[in-house]
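Data first, discussion second: the structure below is written as structure tokens.
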Amino acid sequence: MSRRQSLRPSISKRDATQWVVEYAMTHPREELNYRLLARFFQVKDRGVQRLFDMVMGELADSGYLRRVAHGCYVLAQPPLEGEGLYTALPKERKAFVTFADGTQVQVDLRGGLRVLEGDTVRVVYHKAKRGNTLTGRVIEIVKRAREYYVGTLYVQGRYGFVVPTTKTSFKAIAVGMPTGGRKQDGMKVRVRFKDWHEEERYPDGEIVEVLGRSGTHEVEMHAILAEYGLPYTYPEEVSRAANKLSAKITAAEIARRRDFRGECTFTIDPVTAKDYDDALSFRALDGGRFEIGVHIADVTYYVQPDDVIDQEAQGRGTSVYLVDRTVPMLPERLCNELCSLRADEDKLTYSVLFTLDGAGRVLDQWMGRSIIRSQRRFTYEEVQKVLEGEASEWATPLCGLNRLAQSLRKERFSQGAIDFSSTEVRFLLDEKGAPLGVEPVPYTESHQLIEEFMLLANRTVAAFVQRARKGDKEYPFVYRVHARPRPEKLEGFLRVISKLGVPYKGDPERFDGKAFGAILSAFKGQPAEHFVDILAVRSMEKAIYSTHNIGHFGLAFEDYTHFTSPIRRYPDMMVHRILTAVLEGGNPAPVAALDVAAQRASEQEKTAADAERASIKYKQVEYLSRFIGRAFDGVISGVTDYGFYVELVESKCEGLVSVRDIEDDLYLYSADEFLLRGNRTGREFRLGDVVKVRVLRTDLERRLTDFELA
């Protein structure tokens, strides 16, 4: 072996640099030289030792290290420490820790502890040798992102392994031999993550609940709820407290409220609904004016702050809607009985009353506690038939409300509200929960009628409280806010739009909903319409709850909140209580407590939405399992370097076409253009393209479907 070969380092310069940086940060007062590093890392390779010496020289030139003698260095500045959330980017061989203030520290993806996505970790960090990037090292796992996982148990020999349903960085959790032994093989279980030592191949865990046999409908739905930490039963003490609530409405309580029981009042809901938390009333006035009432279930009359029902509702945050069931935020006694605005029953409500002219302009308004008696329960389908001309004694109020709603809708879009139209579907299930078919959920003028008056009530309440004062004090409030798109997302969206021939010539800083609307309109009926719609949605931020009012970008409202669904959303209950304080001259709520509750509600909303998507995904995969080998029309809904996702036109089911299954060429990913392009043929698969695919395989355990091009 030549001397040249013997001095060739056995590790890369990148790895050597990472080792030097990690050692320097964890030994900030020590003098470094290549012999010390070689002993610490147990390196005898002379080539690596020379590489250490060269790397330290470069780090000194960049200001990261300080040279104290020939071949000896110390850290130029002491390292900093911080705590944040860990995010891994395996394909880029990077990982980041993000602090609460948005600061990001890059850490080694492979370094040290068994850190998992979303873990809260402590890092030591320092400025990198180039630019302003912060680089650091994870020194402690403060809190795991998840304590519990749901998966299927497999017994192998004397050991048990749980394979998680969701995608993780580990293949299984070792649980030892479970209680019940081999009889538990194939069961869906909930397992607690205990620890993952660096020298172990699998993390350790323990089974805390056996949910039942994998593949059965009831077990899989319970597994999804357990996976996201959502309850599927009610504590007995909460149910008992709810059952003790009286349905009697006293004369004294009626006297304190505005009485709408003589008004033309009704509810409009889906055919499957059981909890009716909003009703409308209609009365024609002289001079072409109309009095419209939006009446919302007065949940906070029954549920007092911090009682056992309130604590349970706050813990849940929202009702959860899976494909076959609703997991309610409130006990059935409240959501389906006391608070549900059922026809021909006196009900306590919170009302916002509007006087509108024929063009839908608000001339006057009133809000306060009330009592109503709904005369009719409508479904959306029944109302739509009346709007389309079916004879009915209810034609005057329904058609009158619809004309006003369409005026409100037109005005809203003229002010910059964004219209993202999408088709939802629902599964038709048999008595055992197996999917028989999929049908679209229509979005008609009857839906728009309800939507517009709920939006009007929400924004009116928000504007009223936002301007309210008690002396010189404002009332802290829970707003529903939607931020402008982030500059980098907006820039990417506009760059692609420009390539498609519709350049935006205005100032990006002033880009608003009207600009979005103009772009979407420009692609209506064009081949790229679906592609542009997808890009527009993905460029948006998520709406959240906050005490800091930044407005609602998507709706083009300066003030907005959630007031109209207190049966199924806890923030609406918070808003009702704040409104009561304003109307009755009560004291403002502590803003710090509202901040915490608003953030928690946003997190719970996301968790519930993730669970809903998981249940839909499971039923999609189960449904497509019947059609292995069948071809369907679809639209490319996502593009990655490993393939593209396709959403089927008819059923809205989604699956992956892997580049490994496209054998006519080598396909390369272009992130800027959202496409895969054949290296030899130039054939392209772009986001929004229409394709025909065949169902190749399905995996119910992982809720995955693979397609191949047909």
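Just remember, in the structure tokens the first chain shown is A, the second B, etc., residues are 1-based per chain, and ligands are 1-based in the order shown.
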- prompt: Contacts of Arg630 (chain A) at 6 Å or less, counting only C-alpha atoms, minus same-chain residues fewer than 3 places along, as a PyMOL selection string?
  reply: chain A and resi 627+694-695
Please, which residues in region 559-673 of chain A fall within 12 Å of region 444-455 of chain A when counting only C-alpha atoms, and what is the closest atom pair and distance in Å to one decimal for each, ordered by chain then residue number, as a Markdown table?
| residue | atom | partner | partner_atom | distance |
| --- | --- | --- | --- | --- |
| A:Asp559 | CA | A:Leu455 | CA | 10.9 |
| A:Tyr560 | CA | A:Leu455 | CA | 8.3 |
| A:Thr561 | CA | A:Leu455 | CA | 8.9 |
| A:His562 | CA | A:Leu455 | CA | 8.8 |
| A:Phe563 | CA | A:Met454 | CA | 8.4 |
| A:Thr564 | CA | A:Met454 | CA | 6.4 |
| A:Ser565 | CA | A:Met454 | CA | 9.3 |
Find, counting only C-alpha atoms, the residue in A:Lys499, A:Lys473, A:Lys44, A:Arg325 that gets nearest to Val591 (chain A).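 Once distances to Val591 (chain A) are computed over only C-alpha atoms, the minimum belongs to A:Lys473.
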Q | Sel. of strand (DSSP E) residues, region 113-241 of chain A, as number ranges by chain | A | A: 120-127, 134-143, 148-156, 159-164, 173-174, 187-195, 204-213
Across A:Leu348, A:Ala284, A:Ala279, A:Ala611, the smallest distance to Arg376 (chain A), with only C-alpha atoms counted, is shown by A:Ala279
Applying 9 Å and only C-alpha atoms, which residues near Phe516 (chain A) remain after dropping the ones on its own chain fewer than 6 positions away? List them as JSON, numbers by chain. {"A": [416, 417, 418, 536]}
Spatial neighbours of Gly287 (chain A), max dist 12 Å, only C-alpha atoms, sep filter under 3 positions, as a VMD selection string: chain A and resid 284 290 to 291 355 to 358
To test your reading of the structure, identify every residue in region 479-686 of chain A that backbone DSSP assigns to helix (DSSP H, G or I), and report it as a short mmCIF file (atom, residue, chain, number, x, y, z; two decimals) with C-alpha atoms, in the first residue's frame.
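Contents of result-v1.cif, freshly written:
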data_model
loop_
_atom_site.label_atom_id
_atom_site.label_comp_id
_atom_site.auth_asym_id
_atom_site.auth_seq_id
_atom_site.Cartn_x
_atom_site.Cartn_y
_atom_site.Cartn_z
CA PRO A 487 -43.48 35.75 1.62
CA GLU A 488 -41.56 32.64 0.55
CA LYS A 489 -44.77 30.68 -0.16
CA LEU A 490 -46.33 33.59 -2.01
CA GLU A 491 -43.16 34.11 -4.01
CA GLY A 492 -43.15 30.46 -5.06
CA PHE A 493 -46.84 30.60 -6.05
CA LEU A 494 -46.36 33.75 -8.13
CA ARG A 495 -43.24 32.36 -9.80
CA VAL A 496 -45.11 29.29 -11.03
CA ILE A 497 -48.13 31.36 -12.10
CA SER A 498 -45.84 33.58 -14.13
CA LYS A 499 -44.42 30.53 -15.94
CA PRO A 508 -46.23 41.38 -3.50
CA GLU A 509 -46.49 43.26 -0.19
CA ARG A 510 -49.99 44.35 -1.22
CA GLY A 513 -57.67 38.19 -1.79
CA LYS A 514 -58.74 40.20 -4.84
CA ALA A 515 -55.41 39.38 -6.50
CA PHE A 516 -55.89 35.71 -5.61
CA GLY A 517 -59.40 35.83 -7.04
CA ALA A 518 -58.20 37.43 -10.28
CA ILE A 519 -55.57 34.71 -10.75
CA LEU A 520 -58.02 31.88 -10.03
CA SER A 521 -60.55 33.43 -12.43
CA ALA A 522 -57.91 33.65 -15.16
CA GLU A 529 -57.16 25.20 -13.33
CA HIS A 530 -56.91 22.28 -10.90
CA PHE A 531 -53.13 22.71 -10.63
CA VAL A 532 -53.48 26.41 -9.79
CA ASP A 533 -56.23 25.74 -7.23
CA ILE A 534 -53.99 23.22 -5.44
CA LEU A 535 -51.04 25.62 -5.44
CA ALA A 536 -53.18 28.48 -4.14
CA VAL A 537 -54.47 26.40 -1.22
CA ARG A 538 -50.97 25.20 -0.34
CA SER A 539 -49.61 28.73 -0.33
CA TYR A 570 -65.14 25.20 22.76
CA PRO A 571 -63.90 28.59 21.45
CA ASP A 572 -67.53 29.48 20.68
CA MET A 573 -68.36 28.89 24.35
CA MET A 574 -65.49 31.20 25.31
CA VAL A 575 -66.85 33.86 22.95
CA HIS A 576 -70.36 33.54 24.43
CA ARG A 577 -68.96 34.14 27.93
CA ILE A 578 -66.96 37.17 26.85
CA LEU A 579 -69.99 38.61 25.04
CA THR A 580 -72.05 38.12 28.20
CA ALA A 581 -69.44 40.04 30.20
CA VAL A 582 -69.55 42.89 27.67
CA LEU A 583 -73.35 43.09 27.58
CA GLU A 584 -73.70 42.85 31.35
CA VAL A 591 -55.71 37.67 28.54
CA ALA A 592 -53.01 35.16 29.52
CA ALA A 593 -55.61 32.48 30.26
CA LEU A 594 -57.40 33.21 26.97
CA ASP A 595 -54.08 32.97 25.12
CA VAL A 596 -53.41 29.50 26.50
CA ALA A 597 -56.98 28.34 25.79
CA ALA A 598 -56.88 29.73 22.23
CA GLN A 599 -53.60 27.99 21.43
CA ARG A 600 -54.87 24.73 22.88
CA ALA A 601 -58.09 24.99 20.86
CA SER A 602 -56.08 25.45 17.66
CA GLU A 603 -54.02 22.36 18.46
CA GLN A 604 -57.12 20.30 19.26
CA GLU A 605 -58.77 21.42 16.03
CA LYS A 606 -55.78 20.18 14.06
CA THR A 607 -55.73 16.87 15.95
CA ALA A 608 -59.43 16.31 15.27
CA ALA A 609 -58.94 17.13 11.57
CA ASP A 610 -56.01 14.68 11.38
CA ALA A 611 -58.15 11.95 12.95
CA GLU A 612 -60.98 12.66 10.52
CA ARG A 613 -58.57 12.41 7.56
CA ALA A 614 -57.17 9.16 8.97
CA SER A 615 -60.65 7.61 9.13
CA ILE A 616 -61.37 8.75 5.58
CA LYS A 617 -58.02 7.40 4.41
CA TYR A 618 -58.73 4.03 6.02
CA LYS A 619 -62.10 3.76 4.29
CA GLN A 620 -60.58 4.86 0.99
CA VAL A 621 -58.00 2.08 1.15
CA GLU A 622 -60.64 -0.44 2.26
CA TYR A 623 -62.90 0.64 -0.61
CA LEU A 624 -60.13 0.43 -3.24
CA SER A 625 -59.13 -3.04 -1.99
CA ARG A 626 -62.17 -4.29 -3.93
CA PHE A 627 -60.79 -2.87 -7.19
CA VAL A 659 -41.18 6.24 -9.93
CA ARG A 660 -40.01 2.64 -9.45
CA ASP A 661 -43.18 1.49 -11.20
#
With only C-alpha atoms as the counted atoms, please give the residues lying no more than 10 Å from Ile268 (chain A), apart from itself and same-chain residues fewer than 2 positions off, as a PyMOL selection string. chain A and resi 266+270-271+273+276+278-280+376-383+446-447+449-450
Export, as a PDB file, in the first residue's frame, the selected residues with N, CA and C atoms.
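What ended up in result-v4.pdb:
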ATOM      1  N   PHE A 266     -86.707  28.517  11.930  1.00  0.00           N
ATOM      2  CA  PHE A 266     -86.468  27.140  11.483  1.00  0.00           C
ATOM      3  C   PHE A 266     -84.975  26.847  11.489  1.00  0.00           C
ATOM      4  N   PRO A 270     -77.694  19.092   7.803  1.00  0.00           N
ATOM      5  CA  PRO A 270     -77.582  17.841   7.050  1.00  0.00           C
ATOM      6  C   PRO A 270     -78.625  16.836   7.519  1.00  0.00           C
ATOM      7  N   VAL A 271     -78.971  15.908   6.661  1.00  0.00           N
ATOM      8  CA  VAL A 271     -80.016  14.937   6.972  1.00  0.00           C
ATOM      9  C   VAL A 271     -79.634  14.057   8.158  1.00  0.00           C
ATOM     10  N   ALA A 273     -77.879  15.052  10.827  1.00  0.00           N
ATOM     11  CA  ALA A 273     -77.585  15.847  12.025  1.00  0.00           C
ATOM     12  C   ALA A 273     -78.531  15.516  13.169  1.00  0.00           C
ATOM     13  N   TYR A 276     -78.652  20.512  16.608  1.00  0.00           N
ATOM     14  CA  TYR A 276     -78.996  21.699  15.824  1.00  0.00           C
ATOM     15  C   TYR A 276     -78.630  22.928  16.661  1.00  0.00           C
ATOM     16  N   ASP A 278     -77.910  26.083  15.435  1.00  0.00           N
ATOM     17  CA  ASP A 278     -78.246  27.391  14.885  1.00  0.00           C
ATOM     18  C   ASP A 278     -79.609  27.348  14.206  1.00  0.00           C
ATOM     19  N   ALA A 279     -80.327  28.462  14.302  1.00  0.00           N
ATOM     20  CA  ALA A 279     -81.633  28.614  13.648  1.00  0.00           C
ATOM     21  C   ALA A 279     -81.715  30.023  13.077  1.00  0.00           C
ATOM     22  N   LEU A 280     -82.584  30.189  12.089  1.00  0.00           N
ATOM     23  CA  LEU A 280     -82.804  31.496  11.467  1.00  0.00           C
ATOM     24  C   LEU A 280     -84.262  31.896  11.640  1.00  0.00           C
ATOM     25  N   ARG A 376     -89.859  24.400  12.290  1.00  0.00           N
ATOM     26  CA  ARG A 376     -89.612  23.384  11.261  1.00  0.00           C
ATOM     27  C   ARG A 376     -88.127  23.038  11.234  1.00  0.00           C
ATOM     28  N   ARG A 377     -87.856  21.742  11.090  1.00  0.00           N
ATOM     29  CA  ARG A 377     -86.493  21.288  10.874  1.00  0.00           C
ATOM     30  C   ARG A 377     -86.337  20.930   9.395  1.00  0.00           C
ATOM     31  N   PHE A 378     -85.502  21.692   8.671  1.00  0.00           N
ATOM     32  CA  PHE A 378     -85.254  21.443   7.250  1.00  0.00           C
ATOM     33  C   PHE A 378     -83.917  20.734   7.067  1.00  0.00           C
ATOM     34  N   THR A 379     -83.828  19.921   6.011  1.00  0.00           N
ATOM     35  CA  THR A 379     -82.534  19.458   5.524  1.00  0.00           C
ATOM     36  C   THR A 379     -82.120  20.367   4.371  1.00  0.00           C
ATOM     37  N   TYR A 380     -80.821  20.338   4.050  1.00  0.00           N
ATOM     38  CA  TYR A 380     -80.342  21.154   2.931  1.00  0.00           C
ATOM     39  C   TYR A 380     -81.044  20.770   1.630  1.00  0.00           C
ATOM     40  N   GLU A 381     -81.285  19.481   1.461  1.00  0.00           N
ATOM     41  CA  GLU A 381     -81.911  19.020   0.224  1.00  0.00           C
ATOM     42  C   GLU A 381     -83.340  19.547   0.101  1.00  0.00           C
ATOM     43  N   GLU A 382     -84.085  19.576   1.206  1.00  0.00           N
ATOM     44  CA  GLU A 382     -85.455  20.097   1.179  1.00  0.00           C
ATOM     45  C   GLU A 382     -85.474  21.579   0.830  1.00  0.00           C
ATOM     46  N   VAL A 383     -84.567  22.337   1.416  1.00  0.00           N
ATOM     47  CA  VAL A 383     -84.516  23.782   1.141  1.00  0.00           C
ATOM     48  C   VAL A 383     -84.132  24.029  -0.308  1.00  0.00           C
ATOM     49  N   SER A 446     -78.531  26.341  -0.811  1.00  0.00           N
ATOM     50  CA  SER A 446     -79.050  26.136   0.547  1.00  0.00           C
ATOM     51  C   SER A 446     -77.906  26.143   1.567  1.00  0.00           C
ATOM     52  N   HIS A 447     -76.750  25.596   1.183  1.00  0.00           N
ATOM     53  CA  HIS A 447     -75.577  25.654   2.058  1.00  0.00           C
ATOM     54  C   HIS A 447     -75.066  27.086   2.163  1.00  0.00           C
ATOM     55  N   LEU A 449     -76.764  29.786   1.893  1.00  0.00           N
ATOM     56  CA  LEU A 449     -77.712  30.564   2.689  1.00  0.00           C
ATOM     57  C   LEU A 449     -77.286  30.544   4.162  1.00  0.00           C
ATOM     58  N   ILE A 450     -77.077  29.345   4.701  1.00  0.00           N
ATOM     59  CA  ILE A 450     -76.651  29.214   6.095  1.00  0.00           C
ATOM     60  C   ILE A 450     -75.271  29.826   6.292  1.00  0.00           C
TER      61      ILE A 450
END
TODO: Name the residues in contact with region 467-472 of chain A at a cut-off of 10 Å, using only C-alpha atoms, excluding same-chain residues fewer than 2 positions from it; report them as a VMD selection string.
DONE: chain A and resid 462 to 465 474 to 476 579 581 to 583 585 to 588
Using only C-alpha atoms, the best pick from A:Ser340, A:Ser414, A:Pro435, A:Thr265 as closest to Pro397 (chain A) would be A:Thr265
